[in-house]
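Read the structure below first, then the notes.
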Amino acid sequence: MHDDEECRPIPSWVNKKSRTAKNASTPTPTPSPPTPSPPTLSPPLPPSLPPQLPASSQQLLPPLPPAVLPDEFKNRIRELNGSDIQFVMSKKLFQTDLTLNHDRLSMPMREVRCDFLTKAEKATLDERDCAKRKLVGVELKMLDPSLTECTLSLKKWNMTSTSIYCLTKNWKSVVTHNNLQKDDQLQIWSFRVDGKLHFVLNKL
């Protein structure tokens, strides 16, 4: 090689080609994928309820057994030529039913199982004695647990949210004569003699 060849400048096209080759050998950087956004959390599901049993497999409460009037009362009602016997209600005695100064048996109307009153008797229960300002009431006869017949008065007291029937007049005599005690269970029945209201008080 001659000395003048060493000092000869390199043509411009050679530099351009070299730069192009260099650029071709360098890979183009691949753009990085976008950073995924954090997943949106769904609200927690409510706890699953236990499966409902079909109606045929659910445990049903047994119905109350029908009330049965003892034969001694039935026989006495026949002797009186009574008819239209109806079961009125079951009654558990509370202390207020036995206190002599109260002299009354309370019978909550919501616990009454039949419509034992006539229209005329219902109207009478709403009447008041103008002079005494007291409820008139319906007089009735009752067979007590000892089959003794006594006369009582049925009244209706209208309370704030409900109404109750009350047996008054001679009730304390029934309590004493039959030795009735707190928590005693009673059954009250009605029947009629010549259209007049009668009650039966059966102690269980």
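Labeling convention for the structure tokens: chains A, B, ... as they appear, residues from 1 per chain, ligands from 1 in order of appearance.
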
### Message
Which residues are close to A:Asp194, i.e. within 9 Å by only C-alpha atoms, leaving aside same-chain residues fewer than 6 positions away? Reply as a list in words.
### Response
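Everything that qualifies: Asn81, Gly82 and Ser83 of chain A.
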
### Message
Please list as a PyMOL selection string every residue within 9 Å of A:Phe87, counting only C-alpha atoms and excluding residues in the same chain fewer than 6 positions away.
### Response
chain A and resi 67-69+112-114+116+187-190

Taking 4 positions as the minimum chain separation for residues in the same chain, which residues sit within 12 Å of A:Met109 when counting only C-alpha atoms? Answer as a PDB file with all heavy atoms, in the first residue's frame.
```pdb
ATOM      1  N   VAL A  88    -116.495 -22.382  74.807  1.00  0.00           N
ATOM      2  CA  VAL A  88    -116.210 -20.944  74.763  1.00  0.00           C
ATOM      3  C   VAL A  88    -114.709 -20.673  74.801  1.00  0.00           C
ATOM      4  O   VAL A  88    -114.162 -19.998  73.928  1.00  0.00           O
ATOM      5  CB  VAL A  88    -116.934 -20.214  75.915  1.00  0.00           C
ATOM      6  CG1 VAL A  88    -116.555 -18.725  75.929  1.00  0.00           C
ATOM      7  CG2 VAL A  88    -118.440 -20.373  75.779  1.00  0.00           C
ATOM      8  N   MET A  89    -114.009 -21.206  75.812  1.00  0.00           N
ATOM      9  CA  MET A  89    -112.580 -20.929  75.925  1.00  0.00           C
ATOM     10  C   MET A  89    -111.944 -21.763  77.035  1.00  0.00           C
ATOM     11  O   MET A  89    -112.641 -22.325  77.887  1.00  0.00           O
ATOM     12  CB  MET A  89    -112.338 -19.442  76.238  1.00  0.00           C
ATOM     13  CG  MET A  89    -112.875 -18.999  77.588  1.00  0.00           C
ATOM     14  SD  MET A  89    -112.569 -17.249  77.952  1.00  0.00           S
ATOM     15  CE  MET A  89    -110.787 -17.232  78.050  1.00  0.00           C
ATOM     16  N   SER A  90    -110.618 -21.827  77.001  1.00  0.00           N
ATOM     17  CA  SER A  90    -109.837 -22.349  78.123  1.00  0.00           C
ATOM     18  C   SER A  90    -109.334 -21.166  78.930  1.00  0.00           C
ATOM     19  O   SER A  90    -109.037 -20.101  78.383  1.00  0.00           O
ATOM     20  CB  SER A  90    -108.643 -23.168  77.626  1.00  0.00           C
ATOM     21  OG  SER A  90    -109.074 -24.337  76.975  1.00  0.00           O
ATOM     22  N   LYS A  91    -109.238 -21.354  80.219  1.00  0.00           N
ATOM     23  CA  LYS A  91    -108.858 -20.249  81.101  1.00  0.00           C
ATOM     24  C   LYS A  91    -107.913 -20.738  82.194  1.00  0.00           C
ATOM     25  O   LYS A  91    -108.213 -21.692  82.909  1.00  0.00           O
ATOM     26  CB  LYS A  91    -110.126 -19.642  81.727  1.00  0.00           C
ATOM     27  CG  LYS A  91    -109.879 -18.673  82.874  1.00  0.00           C
ATOM     28  CD  LYS A  91    -109.179 -17.401  82.398  1.00  0.00           C
ATOM     29  CE  LYS A  91    -108.886 -16.478  83.575  1.00  0.00           C
ATOM     30  NZ  LYS A  91    -108.179 -15.247  83.161  1.00  0.00           N
ATOM     31  N   ARG A 113    -113.521 -18.818  71.621  1.00  0.00           N
ATOM     32  CA  ARG A 113    -113.475 -19.681  70.446  1.00  0.00           C
ATOM     33  C   ARG A 113    -114.786 -19.751  69.668  1.00  0.00           C
ATOM     34  O   ARG A 113    -114.847 -20.413  68.639  1.00  0.00           O
ATOM     35  CB  ARG A 113    -113.086 -21.103  70.873  1.00  0.00           C
ATOM     36  CG  ARG A 113    -111.863 -21.178  71.776  1.00  0.00           C
ATOM     37  CD  ARG A 113    -110.610 -20.663  71.102  1.00  0.00           C
ATOM     38  NE  ARG A 113    -110.116 -21.592  70.113  1.00  0.00           N
ATOM     39  CZ  ARG A 113    -109.297 -22.610  70.384  1.00  0.00           C
ATOM     40  NH1 ARG A 113    -108.897 -22.816  71.628  1.00  0.00           N
ATOM     41  NH2 ARG A 113    -108.883 -23.409  69.429  1.00  0.00           N
ATOM     42  N   CYS A 114    -115.837 -19.114  70.134  1.00  0.00           N
ATOM     43  CA  CYS A 114    -117.122 -19.192  69.427  1.00  0.00           C
ATOM     44  C   CYS A 114    -117.920 -17.927  69.687  1.00  0.00           C
ATOM     45  O   CYS A 114    -117.619 -17.155  70.598  1.00  0.00           O
ATOM     46  CB  CYS A 114    -117.908 -20.437  69.854  1.00  0.00           C
ATOM     47  SG  CYS A 114    -118.515 -20.334  71.564  1.00  0.00           S
ATOM     48  N   ASP A 115    -118.944 -17.726  68.871  1.00  0.00           N
ATOM     49  CA  ASP A 115    -119.846 -16.584  69.039  1.00  0.00           C
ATOM     50  C   ASP A 115    -121.064 -17.095  69.808  1.00  0.00           C
ATOM     51  O   ASP A 115    -122.012 -17.622  69.223  1.00  0.00           O
ATOM     52  CB  ASP A 115    -120.240 -16.026  67.666  1.00  0.00           C
ATOM     53  CG  ASP A 115    -121.024 -14.732  67.777  1.00  0.00           C
ATOM     54  OD1 ASP A 115    -121.145 -14.211  68.900  1.00  0.00           O
ATOM     55  OD2 ASP A 115    -121.533 -14.255  66.738  1.00  0.00           O
ATOM     56  N   PHE A 116    -121.028 -16.939  71.116  1.00  0.00           N
ATOM     57  CA  PHE A 116    -122.051 -17.561  71.964  1.00  0.00           C
ATOM     58  C   PHE A 116    -123.175 -16.598  72.353  1.00  0.00           C
ATOM     59  O   PHE A 116    -124.108 -16.989  73.051  1.00  0.00           O
ATOM     60  CB  PHE A 116    -121.410 -18.134  73.239  1.00  0.00           C
ATOM     61  CG  PHE A 116    -120.738 -17.109  74.105  1.00  0.00           C
ATOM     62  CD1 PHE A 116    -121.436 -16.486  75.130  1.00  0.00           C
ATOM     63  CD2 PHE A 116    -119.410 -16.759  73.898  1.00  0.00           C
ATOM     64  CE1 PHE A 116    -120.823 -15.546  75.934  1.00  0.00           C
ATOM     65  CE2 PHE A 116    -118.792 -15.810  74.703  1.00  0.00           C
ATOM     66  CZ  PHE A 116    -119.501 -15.208  75.718  1.00  0.00           C
ATOM     67  N   LYS A 155    -120.301  -9.203  81.829  1.00  0.00           N
ATOM     68  CA  LYS A 155    -120.110  -7.824  81.372  1.00  0.00           C
ATOM     69  C   LYS A 155    -118.942  -7.760  80.389  1.00  0.00           C
ATOM     70  O   LYS A 155    -118.103  -8.662  80.346  1.00  0.00           O
ATOM     71  CB  LYS A 155    -119.864  -6.894  82.561  1.00  0.00           C
ATOM     72  CG  LYS A 155    -121.047  -6.816  83.513  1.00  0.00           C
ATOM     73  CD  LYS A 155    -120.803  -5.830  84.644  1.00  0.00           C
ATOM     74  CE  LYS A 155    -122.016  -5.759  85.573  1.00  0.00           C
ATOM     75  NZ  LYS A 155    -121.823  -4.783  86.677  1.00  0.00           N
ATOM     76  N   LYS A 156    -118.921  -6.685  79.619  1.00  0.00           N
ATOM     77  CA  LYS A 156    -117.825  -6.481  78.663  1.00  0.00           C
ATOM     78  C   LYS A 156    -117.117  -5.178  79.003  1.00  0.00           C
ATOM     79  O   LYS A 156    -117.739  -4.114  79.060  1.00  0.00           O
ATOM     80  CB  LYS A 156    -118.348  -6.428  77.224  1.00  0.00           C
ATOM     81  CG  LYS A 156    -117.228  -6.341  76.190  1.00  0.00           C
ATOM     82  CD  LYS A 156    -117.760  -6.319  74.759  1.00  0.00           C
ATOM     83  CE  LYS A 156    -118.358  -4.978  74.410  1.00  0.00           C
ATOM     84  NZ  LYS A 156    -118.675  -4.861  72.976  1.00  0.00           N
ATOM     85  N   TRP A 157    -115.810  -5.294  79.219  1.00  0.00           N
ATOM     86  CA  TRP A 157    -114.991  -4.114  79.506  1.00  0.00           C
ATOM     87  C   TRP A 157    -114.159  -3.791  78.279  1.00  0.00           C
ATOM     88  O   TRP A 157    -113.387  -4.642  77.786  1.00  0.00           O
ATOM     89  CB  TRP A 157    -114.062  -4.379  80.698  1.00  0.00           C
ATOM     90  CG  TRP A 157    -114.782  -4.557  81.999  1.00  0.00           C
ATOM     91  CD1 TRP A 157    -116.113  -4.405  82.236  1.00  0.00           C
ATOM     92  CD2 TRP A 157    -114.200  -4.936  83.251  1.00  0.00           C
ATOM     93  NE1 TRP A 157    -116.421  -4.653  83.547  1.00  0.00           N
ATOM     94  CE2 TRP A 157    -115.256  -4.981  84.206  1.00  0.00           C
ATOM     95  CE3 TRP A 157    -112.917  -5.224  83.672  1.00  0.00           C
ATOM     96  CZ2 TRP A 157    -115.052  -5.316  85.535  1.00  0.00           C
ATOM     97  CZ3 TRP A 157    -112.696  -5.562  85.005  1.00  0.00           C
ATOM     98  CH2 TRP A 157    -113.759  -5.595  85.924  1.00  0.00           C
ATOM     99  N   ASN A 158    -114.302  -2.590  77.768  1.00  0.00           N
ATOM    100  CA  ASN A 158    -113.516  -2.134  76.617  1.00  0.00           C
ATOM    101  C   ASN A 158    -112.242  -1.472  77.112  1.00  0.00           C
ATOM    102  O   ASN A 158    -112.288  -0.431  77.772  1.00  0.00           O
ATOM    103  CB  ASN A 158    -114.329  -1.155  75.762  1.00  0.00           C
ATOM    104  CG  ASN A 158    -115.532  -1.819  75.109  1.00  0.00           C
ATOM    105  OD1 ASN A 158    -115.445  -2.939  74.608  1.00  0.00           O
ATOM    106  ND2 ASN A 158    -116.669  -1.139  75.108  1.00  0.00           N
ATOM    107  N   MET A 159    -111.112  -2.089  76.803  1.00  0.00           N
ATOM    108  CA  MET A 159    -109.815  -1.563  77.205  1.00  0.00           C
ATOM    109  C   MET A 159    -109.236  -0.720  76.067  1.00  0.00           C
ATOM    110  O   MET A 159    -109.899  -0.478  75.057  1.00  0.00           O
ATOM    111  CB  MET A 159    -108.874  -2.712  77.565  1.00  0.00           C
ATOM    112  CG  MET A 159    -109.510  -3.795  78.435  1.00  0.00           C
ATOM    113  SD  MET A 159    -110.108  -3.196  80.023  1.00  0.00           S
ATOM    114  CE  MET A 159    -108.552  -3.053  80.898  1.00  0.00           C
ATOM    115  N   SER A 161    -106.661  -1.386  73.934  1.00  0.00           N
ATOM    116  CA  SER A 161    -106.352  -2.113  72.703  1.00  0.00           C
ATOM    117  C   SER A 161    -107.176  -3.384  72.524  1.00  0.00           C
ATOM    118  O   SER A 161    -107.052  -4.048  71.505  1.00  0.00           O
ATOM    119  CB  SER A 161    -104.863  -2.480  72.664  1.00  0.00           C
ATOM    120  OG  SER A 161    -104.511  -3.262  73.798  1.00  0.00           O
ATOM    121  N   THR A 162    -107.976  -3.732  73.494  1.00  0.00           N
ATOM    122  CA  THR A 162    -108.756  -4.961  73.395  1.00  0.00           C
ATOM    123  C   THR A 162    -109.973  -4.851  74.302  1.00  0.00           C
ATOM    124  O   THR A 162    -110.191  -3.834  74.962  1.00  0.00           O
ATOM    125  CB  THR A 162    -107.908  -6.186  73.790  1.00  0.00           C
ATOM    126  OG1 THR A 162    -108.666  -7.377  73.553  1.00  0.00           O
ATOM    127  CG2 THR A 162    -107.514  -6.126  75.255  1.00  0.00           C
ATOM    128  N   SER A 163    -110.765  -5.906  74.315  1.00  0.00           N
ATOM    129  CA  SER A 163    -111.933  -5.971  75.204  1.00  0.00           C
ATOM    130  C   SER A 163    -111.921  -7.322  75.906  1.00  0.00           C
ATOM    131  O   SER A 163    -111.389  -8.310  75.377  1.00  0.00           O
ATOM    132  CB  SER A 163    -113.225  -5.804  74.414  1.00  0.00           C
ATOM    133  OG  SER A 163    -113.289  -4.530  73.803  1.00  0.00           O
ATOM    134  N   ILE A 164    -112.508  -7.347  77.097  1.00  0.00           N
ATOM    135  CA  ILE A 164    -112.590  -8.600  77.842  1.00  0.00           C
ATOM    136  C   ILE A 164    -114.001  -8.759  78.391  1.00  0.00           C
ATOM    137  O   ILE A 164    -114.684  -7.779  78.694  1.00  0.00           O
ATOM    138  CB  ILE A 164    -111.563  -8.659  78.995  1.00  0.00           C
ATOM    139  CG1 ILE A 164    -111.831  -7.533  80.000  1.00  0.00           C
ATOM    140  CG2 ILE A 164    -110.137  -8.595  78.479  1.00  0.00           C
ATOM    141  CD1 ILE A 164    -110.957  -7.600  81.242  1.00  0.00           C
ATOM    142  N   TYR A 165    -114.425 -10.028  78.466  1.00  0.00           N
ATOM    143  CA  TYR A 165    -115.650 -10.347  79.191  1.00  0.00           C
ATOM    144  C   TYR A 165    -115.268 -10.588  80.653  1.00  0.00           C
ATOM    145  O   TYR A 165    -114.162 -11.050  80.949  1.00  0.00           O
ATOM    146  CB  TYR A 165    -116.305 -11.608  78.635  1.00  0.00           C
ATOM    147  CG  TYR A 165    -116.845 -11.473  77.233  1.00  0.00           C
ATOM    148  CD1 TYR A 165    -116.444 -12.355  76.228  1.00  0.00           C
ATOM    149  CD2 TYR A 165    -117.773 -10.490  76.904  1.00  0.00           C
ATOM    150  CE1 TYR A 165    -116.945 -12.251  74.945  1.00  0.00           C
ATOM    151  CE2 TYR A 165    -118.280 -10.371  75.618  1.00  0.00           C
ATOM    152  CZ  TYR A 165    -117.857 -11.257  74.637  1.00  0.00           C
ATOM    153  OH  TYR A 165    -118.355 -11.136  73.371  1.00  0.00           O
ATOM    154  N   CYS A 166    -116.196 -10.293  81.525  1.00  0.00           N
ATOM    155  CA  CYS A 166    -115.980 -10.553  82.947  1.00  0.00           C
ATOM    156  C   CYS A 166    -117.219 -11.182  83.547  1.00  0.00           C
ATOM    157  O   CYS A 166    -118.340 -10.717  83.293  1.00  0.00           O
ATOM    158  CB  CYS A 166    -115.652  -9.266  83.696  1.00  0.00           C
ATOM    159  SG  CYS A 166    -114.002  -8.639  83.398  1.00  0.00           S
TER     160      CYS A 166
END
```

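Candidate residues A:Lys172, A:Lys92, A:Leu135, A:Arg192 were compared for distance to A:Arg104, and the nearest is A:Lys172, using only C-alpha atoms.
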
### Task
Between atom CA of A:His102 and atom CA of A:Trp171, measure the distance and give it in Å to one decimal.
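Between these atoms lies a distance of 9.3 Å.
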
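Between atom CA of A:Phe73 and atom CA of A:Ser173 lies a distance of 19.9 Å.
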
### Query
In terms of the shortest atom-to-atom distance over only C-alpha atoms, which of A:Asn179, A:Gln185, A:Ser106, A:Thr96 is closest to A:Leu154?
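The answer is A:Ser106, which sits nearest to A:Leu154.
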
### Task
Tell me which protein, DNA and RNA residues are within 8 Å of A:Thr151, counting only C-alpha atoms, leaving out same-chain ones fewer than 5 positions away, and put them as a PyMOL selection string.
chain A and resi 139-142+169-170

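Interatomic distance, atom CA of A:Lys122 against atom CA of A:Asp103: 22.3 Å.
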
### Task
From a DSSP calculation on the backbone, collect every residue of stretch 84-201 of chain A in helix (DSSP H, G or I) and output the set as a ChimeraX atom specification.
/A:95-98,109-111,119-125,171-177

#### Entry: Which of A:Asn178, A:Thr160, A:Val193, A:Leu143 sits closest to A:Glu72 [using only C-alpha atoms]
A:Leu143

### Query
Which is closer to A:Leu100 than all the others in A:Thr176, A:Glu149, A:Arg128, A:Arg78, using only C-alpha atoms?
A:Thr176

### Task
Go through A:Gln86, A:Thr148, A:Gln181, A:Ser153 one by one, measure the shortest atom-to-atom distance of each to A:Thr168 using only C-alpha atoms, and give the residue with the smallest value.
A:Ser153
